[in-house]
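Asker: Handing you a structure now.
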Amino acid sequence: MPVKYQKPRGTADALPEQSAAFRNIEEIFSAEAQLAGFGQIRVPTFEKTALFARSSGETSDVVSKEMYTFTDRGGEDLTLLPEGTAGVVRAFLENGLAGEALPRKLFYFTPCFRYNRPQAGRLREFHQVGFEIFGADSFLAEAELIAMVNRALKQIGIGDAVTTKLNSIGCRECRGEYKKALVAYFEQHKDTLCETCNERLYKNPMRILDCKSPECKTVAKGAPVITDYLCAGCKEHFNALCALLTDLGVNYQLDAGIVRGLDYYNGPVFEFVTDQLGAQDAVGGGGRYDGLVEELGGQPTPALGFAMGIERMALLAEKCGCKFPKPDAGRLFIIPVGDETRPRCALLADAVKAAGISCQAELSTRSLKSSMRYANKAGFDFTLILGEDEVKTGRFILKDMKNDRELSVGGESELIAVLK
């Protein structure tokens with residue numbers, strides 16, 4: 001019989017085994033956050049549309065092509081989060097965190113939504129882990145974030161499959177001169193550029209550098225590079241960052257094509273890429289965005305951050321053969337025999353769980369044979385059959401499902417001690 005309802009295109013179900021991988025990844029990043037003094041923040045799944053148009057830039061692909069925007073019943077224009085940074089900056093300002101001691105470090109897990117062509121590793125609903133630092137202008141801040149990601153990726157088991165790529169896109173003054181040089185160069189190749197890049201040429205020519213079109217990639221290889229246009233301050237900052245990453249043992253590659261797709265970035269930018277996910281090679285990325293807090297109504301505040309795609313990390317972990325703890329049924333399965341023993345079964349299961357031991361009670365009214373068959377298939381370590389005699393005497397027979405042996409235990413306390 002065909003399934004009546006199916007998930008929307010571009011979405012995915014995370015079954016228990018996949019969820020276990022996601023949880024493992026989240027726990028690793030949470031531990032890194034705690035070590036470095038980051039506090040977790042949770043922001044709404046949707047924001048006012050103007051927030052993203054203001055922060056991401058109306059010429060960016062995210063705003064012009066990919067956002068899920070709607071008008072609610074009150075007539076307000078709202079947008080599902082296409083990324084996490086803008087909402088965190090809004091919360092940083094609205095909740096007065098900008099007036100507290102800086103730097104302030106925040107991290108988050110959030111679903112994100114972008115309308116694009118679904119493919120492996122590229123969904124319309126996906127999940128990110130993100131880290132943001134407000135009030136830090138030193139290259140030490142970028143180094144801390146990049147080293148943090150590299151440590152986390154190694155713990156997950158995908159460190160060797162991911163390459164850190166690094167660039168600087170300079171400050172507004174640097175980019176002003178650089179954009180003029182790009183326009184002059186790409187104007188000579190307008191007939192070769194794709195339609196989208198011709199639209200970008202005068203609005204945001206740097207976006208042409210990371211176009212996926214083979215023709216545009218070929219043209220972009222001969223384009224001027226931003227590092228030749230960096231001012232003295234930006235060059236000093238970037239060189240110091242590169243030297244520190246080397247001292248920290250972080251392997252990275254300089255890549256003049258890393259420009260980031262959102263308009264609020266400046267200075268050092270970085271991506272974490274792999275060659276094992278096909279065309280969707282980016283696992284995550286970030287950089288510095290010193291002007292964004294001011295752009296959204298705050299005081300000038302240096303800031304930076306990064307985000308990593310949880311689905312992409314999990315998919316890469318699978319390809320790398322990483323083994324995460326699989327969800328199991330539990331330590332003990334208690335089977336009541338007869339309706340009169342069911343309340344005692346529930347009380348015993350509750351006591352075992354209160355002792356910190358995973359336990360399930362039979363919730364169905366099937367036969368003892370069927371219950372044992374389920375316990376074996378589900379993978380419980382032990383089963384306990386609770387009949388009238390066991391209720392009266394207080395002694396239980398504990399069946400070791402892994403070693404096919406039985407243990408006699410005298411009462412609830414001894415049962416818990418044996419299971420521990």
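We name chains A, B, ... following the order of the structure tokens; residues begin at 1 in each chain, and ligands are numbered from 1 as shown.
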Do you know which residues are at most 12 Å from Ala147 of chain A counting only C-alpha atoms, after dropping those on the same chain fewer than 6 positions away, and could you put them as number ranges by chain?

Answerer: A: 32, 36, 140-141, 153-154, 159, 164, 241-242, 244-252, 270, 272, 306

Asker: Apply DSSP to the backbone of this structure and, from segment 160-327 of chain A, keep only the residues in alpha helix (DSSP H); write these as JSON, numbers by chain.

Answerer: {"A": [172, 173, 174, 175, 176, 177, 178, 179, 180, 181, 182, 183, 184, 185, 186, 195, 196, 197, 198, 199, 200, 214, 215, 216, 217, 218, 219, 220, 232, 233, 234, 235, 236, 237, 238, 239, 240, 241, 242, 243, 244, 245, 246, 247, 292, 293, 294, 295, 310, 311, 312, 313, 314, 315, 316, 317, 318, 319]}

Asker: Could you jot down the atom CA of Arg288 of chain A to atom CA of Glu187 of chain A separation for me, Å, one decimal place?

Answerer: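 Interatomic distance, atom CA of Arg288 of chain A to atom CA of Glu187 of chain A: 29.3 Å.
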
Asker: Need the shell around Val269 of chain A: protein/DNA/RNA residues with any atom at most 8 Å away, counting only C-alpha atoms. Skip same-chain ones fewer than 4 positions apart. Format as a ChimeraX atom specification?

Answerer: /A:166-169,258-260,265,285-288

Asker: Which residue is closest to Phe109 of chain A? Choose from A:Thr69, A:Thr45, A:Ser371, A:Gln155 and count only C-alpha atoms.

Answerer: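 Among the listed residues, A:Thr45 lies closest to Phe109 of chain A.
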
Asker: Near segment 46-56 of chain A, counting only C-alpha atoms, which residues have an atom at most 12 Å away, once you skip same-chain residues fewer than 3 positions from it, shown as a PyMOL selection string?

Answerer: chain A and resi 42-43+59-72+75-91+110-113+260-265+289-297

Asker: What's the separation between atom CA of Glu17 of chain A and atom CA of Lys319 of chain A, in Å to one decimal place?

Answerer: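 If I compute the distance from atom CA of Glu17 of chain A to atom CA of Lys319 of chain A, I get 14.9 Å.
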
Asker: Taking only C-alpha atoms into account, which of A:Ala329, A:Ala14, A:Gln299, A:Met308 comes nearest Gly96 of chain A?

Answerer: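 Among the listed residues, A:Gln299 lies closest to Gly96 of chain A.
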
Asker: Report, in Å with one decimal, the straight-line distance from atom CA of Ile146 of chain A to atom CA of His127 of chain A.

Answerer: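 Atom-to-atom, atom CA of Ile146 of chain A to atom CA of His127 of chain A, that is 19.8 Å.
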
Asker: Out of segment 148-212 of chain A, which residues get strand (DSSP E) from DSSP, as a list of chain:residue names?

Answerer: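 Filtering segment 148-212 of chain A to strand (DSSP E) leaves A:Thr163, A:Thr164, A:Lys165, A:Leu166, A:Asn167, A:Ser168.
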
Asker: Keeping only N, CA, C and O atoms, take the residues you just selected and write them out as a CSV table (one decimal), in the first residue's frame.

Answerer:
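Output contents, as saved in out-v6.csv:
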chain,number,residue,atom,x,y,z
A,163,THR,N,39.6,20.3,4.5
A,163,THR,CA,40.7,21.3,4.3
A,163,THR,C,40.2,22.7,4.8
A,163,THR,O,39.1,23.1,4.4
A,164,THR,N,41.0,23.4,5.5
A,164,THR,CA,40.7,24.8,5.9
A,164,THR,C,41.3,25.7,4.9
A,164,THR,O,42.5,25.6,4.5
A,165,LYS,N,40.4,26.5,4.3
A,165,LYS,CA,40.8,27.5,3.3
A,165,LYS,C,40.6,28.9,3.8
A,165,LYS,O,39.6,29.2,4.5
A,166,LEU,N,41.6,29.7,3.5
A,166,LEU,CA,41.7,31.0,4.2
A,166,LEU,C,41.9,32.1,3.2
A,166,LEU,O,42.7,32.0,2.2
A,167,ASN,N,41.3,33.3,3.4
A,167,ASN,CA,41.5,34.5,2.5
A,167,ASN,C,41.2,35.7,3.4
A,167,ASN,O,40.7,35.6,4.5
A,168,SER,N,41.5,36.9,2.8
A,168,SER,CA,41.1,38.1,3.4
A,168,SER,C,40.4,38.9,2.3
A,168,SER,O,40.9,39.0,1.2
